[in-house]
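Heads up, the thing below is written out as structure tokens.
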Amino acid sequence: MKTIKFIATDMDGTLLDNNRKVSEESVRAIKEAQKAGITVVVATGRDYTEAITPLKEVGLRLPLICVNGADIREEDGNVIQQQSLSTDQFNVINRILQEEEIYFEITTSKGTYTNNEKRGLELVVDLLKTTGEFSSYEEAMALAEKRFEQGAVFRTDDYHEILRGEGTLLLKVLAFSTDREKRERAEAKLAQELNISVSASARDNLEITHQYATKGKGIEIMTKRFNLDVSEAMVVGDNFNDVSMMQIAGYAVAMGNAEKEIKQLCDFTTATNGEDGVAKAIRSVITHQLQD
């Protein structure tokens, strides 16, 4: 294993356990890494507000690569860089997703918005149920509703009105559909008409961002900020929006619950997110380097 001076971890399905919390074991491992001189950052598809909530709950303050690299922040929340989609690009994205009857939300510099709360809740519940973590519809719905209760998602009747707001940047369009053919057609149309980045944090979604807004680009920016090289970085993730950072990092770790294709891309597979896989990966690096 190469010398690791920088660790970036995804959140959902990775750093967060099955209750969407950062476990005490993960907190301890992160602090051990920091004490060993390793910089630890979070790289997530979540927006800033939704990303800092579980970190605040356990008293962690970390640099953040949010919205798949569209919004990069210092540990105090100050913006390092933001990459936004243009109005013209949004108009094309909006048209294509409406043609395929695909529900979507927008993530902006002012927050995340839905124009159809009922459909959004139903789709999130469907996605949560596919993970096998929930024993009932009611349990999955309770978690989905928390996104609104905690201010992670706001309601609007008109996305265009939100985007016309002064200083509002469009950072991501997050589309949901359980119809694979519709998702694939939409992705093909987007690739044909626009030069953008399209990834996925789950089997049933599309995460649409600026062409330079990827976790991989975020890792490049963040390592340079700490005067490090990407070859000194270890990244940990579980899904397809993690691929760009796995491809450039010196050492890539897949979660035990990751997709098969993700595991094949990585140097190592750790335990699942419910078994403190991130903590185990971090400690394997610390132990290896202490032995050297």
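Ordering of the structure tokens sets the chain letters (A, B, ...); residue numbers start at 1 within each chain; ligands are numbered from 1 in the order shown.
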
Which residues of stretch 207-286 of chain A have any atom within 7 Å of an atom in stretch 158-178 of chain A when counting only C-alpha atoms, and what is the closest pair of atoms for each, with the distance in Å to one decimal? Order the rows by chain and rising number and write it as a Markdown table.
| residue | atom | partner | partner_atom | distance |
| --- | --- | --- | --- | --- |
| A:Glu207 | CA | A:Leu174 | CA | 4.8 |
| A:Ile208 | CA | A:Val173 | CA | 5.0 |
| A:Thr209 | CA | A:Lys172 | CA | 4.8 |

Neighbouring residues of A:Gln34 were defined as those with any atom within 10 Å, considering only C-alpha atoms; residues of the same chain fewer than 6 positions away were excluded. Please report them as a VMD selection string. chain A and resid 5 to 7 28 40

Can you tell me, as a count of residues only, what residues are no more than 12 Å from A:Thr44 when counting only C-alpha atoms, ignoring any on the same chain fewer than 6 positions away? 41

Give me, as a VMD selection string, the residues of stretch 127-238 of chain A that a backbone DSSP run labels helix (DSSP H, G or I). chain A and resid 127 to 130 137 to 149 159 to 163 180 to 193 215 to 225 230 to 232

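Minimum atom-to-atom distance to A:Val27, evaluated using only C-alpha atoms, belongs to A:Leu55 out of A:Val125, A:Ile4, A:Leu55, A:Ala43.
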
List the neighbours of A:Ser26 out to 8 Å using only C-alpha atoms; skip same-chain residues closer than 4 positions along the sequence, and give me the result as a ChimeraX atom specification. /A:15,22,30,276,278-279

Next, write the just-selected residues to a file, as an mmCIF file, in the first residue's frame, keeping all heavy atoms as the atom set.
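New file selection19.cif:
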data_model
loop_
_atom_site.group_PDB
_atom_site.id
_atom_site.type_symbol
_atom_site.label_atom_id
_atom_site.label_comp_id
_atom_site.auth_asym_id
_atom_site.auth_seq_id
_atom_site.Cartn_x
_atom_site.Cartn_y
_atom_site.Cartn_z
ATOM 1 N N LEU A 15 -19.928 6.116 4.863
ATOM 2 C CA LEU A 15 -19.671 6.626 6.210
ATOM 3 C C LEU A 15 -20.901 6.503 7.099
ATOM 4 O O LEU A 15 -20.794 6.255 8.301
ATOM 5 C CB LEU A 15 -19.222 8.090 6.143
ATOM 6 C CG LEU A 15 -18.925 8.780 7.476
ATOM 7 C CD1 LEU A 15 -17.779 8.080 8.208
ATOM 8 C CD2 LEU A 15 -18.604 10.258 7.253
ATOM 9 N N VAL A 22 -23.441 8.610 11.613
ATOM 10 C CA VAL A 22 -22.016 8.285 11.687
ATOM 11 C C VAL A 22 -21.807 7.564 13.008
ATOM 12 O O VAL A 22 -22.089 8.114 14.078
ATOM 13 C CB VAL A 22 -21.140 9.557 11.635
ATOM 14 C CG1 VAL A 22 -19.660 9.159 11.639
ATOM 15 C CG2 VAL A 22 -21.462 10.386 10.387
ATOM 16 N N ILE A 30 -11.766 8.326 12.506
ATOM 17 C CA ILE A 30 -11.444 9.586 11.829
ATOM 18 C C ILE A 30 -10.507 10.422 12.697
ATOM 19 O O ILE A 30 -9.518 10.986 12.199
ATOM 20 C CB ILE A 30 -12.734 10.361 11.499
ATOM 21 C CG1 ILE A 30 -13.478 9.662 10.344
ATOM 22 C CG2 ILE A 30 -12.429 11.818 11.135
ATOM 23 C CD1 ILE A 30 -14.872 10.198 10.096
ATOM 24 N N ASP A 276 -19.165 -0.837 10.144
ATOM 25 C CA ASP A 276 -18.073 0.122 10.321
ATOM 26 C C ASP A 276 -16.950 -0.071 9.299
ATOM 27 O O ASP A 276 -15.763 -0.036 9.628
ATOM 28 C CB ASP A 276 -17.501 0.045 11.741
ATOM 29 C CG ASP A 276 -18.486 0.545 12.782
ATOM 30 O OD1 ASP A 276 -19.090 1.609 12.561
ATOM 31 O OD2 ASP A 276 -18.669 -0.136 13.805
ATOM 32 N N VAL A 278 -15.847 1.899 6.956
ATOM 33 C CA VAL A 278 -14.953 3.048 6.819
ATOM 34 C C VAL A 278 -13.923 3.048 7.936
ATOM 35 O O VAL A 278 -12.726 3.265 7.702
ATOM 36 C CB VAL A 278 -15.744 4.377 6.805
ATOM 37 C CG1 VAL A 278 -14.800 5.568 6.933
ATOM 38 C CG2 VAL A 278 -16.556 4.494 5.520
ATOM 39 N N ALA A 279 -14.356 2.796 9.165
ATOM 40 C CA ALA A 279 -13.431 2.749 10.298
ATOM 41 C C ALA A 279 -12.368 1.679 10.079
ATOM 42 O O ALA A 279 -11.175 1.899 10.342
ATOM 43 C CB ALA A 279 -14.194 2.486 11.589
#

Which of stretch 3-44 of chain A DSSP labels strand (DSSP E), written as a VMD selection string: chain A and resid 6 to 9 39 to 43

Would you list the contacts of A:Leu194 as number ranges by chain, taking every protein, DNA or RNA residue within 12 Å and counting only C-alpha atoms, but skipping same-chain residues closer than 2 positions in sequence? A: 85-86, 88-93, 96, 186-192, 196-198, 208-211

Nearest-residue call for A:Thr3, choices A:Leu62, A:Ala152, A:Ile106, A:Val285, using only C-alpha atoms: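 Looking at the shortest contact to A:Thr3, the residue is A:Val285.
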
Measuring between only C-alpha atoms, which one of A:Ile80, A:Glu24, A:Lys2, A:Ile38 shows the shortest distance to A:Ile221?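 Under the stated criterion, the closest residue is A:Ile80.
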
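Nearest to A:Glu181 of all the residues A:Ala271, A:Ile102, A:Met141, A:Ala281 is A:Ile102, based on only C-alpha atoms.
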
Find the residues around A:Ser284 up to 12 Å (only C-alpha atoms counted), leave out those fewer than 3 positions away in its own chain, and share them as a ChimeraX atom specification. /A:1,3-4,29,32-33,234,253,268-271,277-281,287-291

Would you put the residues from that selection into a file with N, CA and C atoms, as a CSV table (one decimal), in the first residue's frame?
chain,number,residue,atom,x,y,z
A,1,MET,N,0.8,-1.2,0.0
A,1,MET,CA,0.0,0.0,0.0
A,1,MET,C,0.9,1.3,0.0
A,3,THR,N,1.9,5.2,0.7
A,3,THR,CA,1.7,6.1,1.9
A,3,THR,C,0.5,7.0,1.7
A,4,ILE,N,-0.4,7.0,2.6
A,4,ILE,CA,-1.7,7.7,2.5
A,4,ILE,C,-1.6,8.9,3.5
A,29,ALA,N,-12.2,6.5,14.6
A,29,ALA,CA,-11.2,6.2,13.5
A,29,ALA,C,-10.8,7.4,12.8
A,32,GLU,N,-8.5,9.3,15.0
A,32,GLU,CA,-7.2,8.6,15.0
A,32,GLU,C,-6.4,9.0,13.7
A,33,ALA,N,-7.1,9.0,12.6
A,33,ALA,CA,-6.4,9.4,11.3
A,33,ALA,C,-5.9,10.8,11.4
A,234,MET,N,-6.5,8.1,-0.4
A,234,MET,CA,-7.3,6.9,-0.3
A,234,MET,C,-8.8,7.4,-0.4
A,253,VAL,N,-11.0,2.1,-2.1
A,253,VAL,CA,-11.6,1.1,-1.3
A,253,VAL,C,-13.1,1.0,-1.6
A,268,PHE,N,-9.3,-2.7,-2.9
A,268,PHE,CA,-9.6,-3.4,-1.7
A,268,PHE,C,-11.1,-3.3,-1.4
A,269,THR,N,-11.7,-4.3,-0.7
A,269,THR,CA,-13.1,-4.2,-0.3
A,269,THR,C,-13.1,-4.3,1.2
A,270,THR,N,-13.7,-3.4,1.9
A,270,THR,CA,-13.8,-3.4,3.3
A,270,THR,C,-15.1,-4.0,3.8
A,271,ALA,N,-15.5,-3.8,5.0
A,271,ALA,CA,-16.8,-4.3,5.5
A,271,ALA,C,-17.9,-3.4,5.0
A,277,GLY,N,-17.4,-0.3,8.0
A,277,GLY,CA,-16.4,-0.5,7.0
A,277,GLY,C,-15.4,0.7,6.8
A,278,VAL,N,-15.8,1.9,7.0
A,278,VAL,CA,-15.0,3.0,6.8
A,278,VAL,C,-13.9,3.0,7.9
A,279,ALA,N,-14.4,2.8,9.2
A,279,ALA,CA,-13.4,2.7,10.3
A,279,ALA,C,-12.4,1.7,10.1
A,280,LYS,N,-12.8,0.5,9.6
A,280,LYS,CA,-11.8,-0.6,9.3
A,280,LYS,C,-10.8,-0.2,8.3
A,281,ALA,N,-11.3,0.5,7.2
A,281,ALA,CA,-10.4,0.9,6.1
A,281,ALA,C,-9.4,1.9,6.6
A,287,THR,N,-2.5,1.4,10.6
A,287,THR,CA,-1.7,0.3,11.1
A,287,THR,C,-0.5,0.0,10.1
A,288,HIS,N,-0.9,0.0,8.8
A,288,HIS,CA,0.2,-0.3,7.8
A,288,HIS,C,1.3,0.7,7.9
A,289,GLN,N,0.9,2.0,8.0
A,289,GLN,CA,2.0,3.0,8.0
A,289,GLN,C,2.8,3.1,9.3
A,290,LEU,N,2.1,2.7,10.4
A,290,LEU,CA,2.9,2.6,11.6
A,290,LEU,C,3.9,1.4,11.6
A,291,GLN,N,3.5,0.3,10.9
A,291,GLN,CA,4.4,-0.8,10.8
A,291,GLN,C,5.6,-0.5,9.9
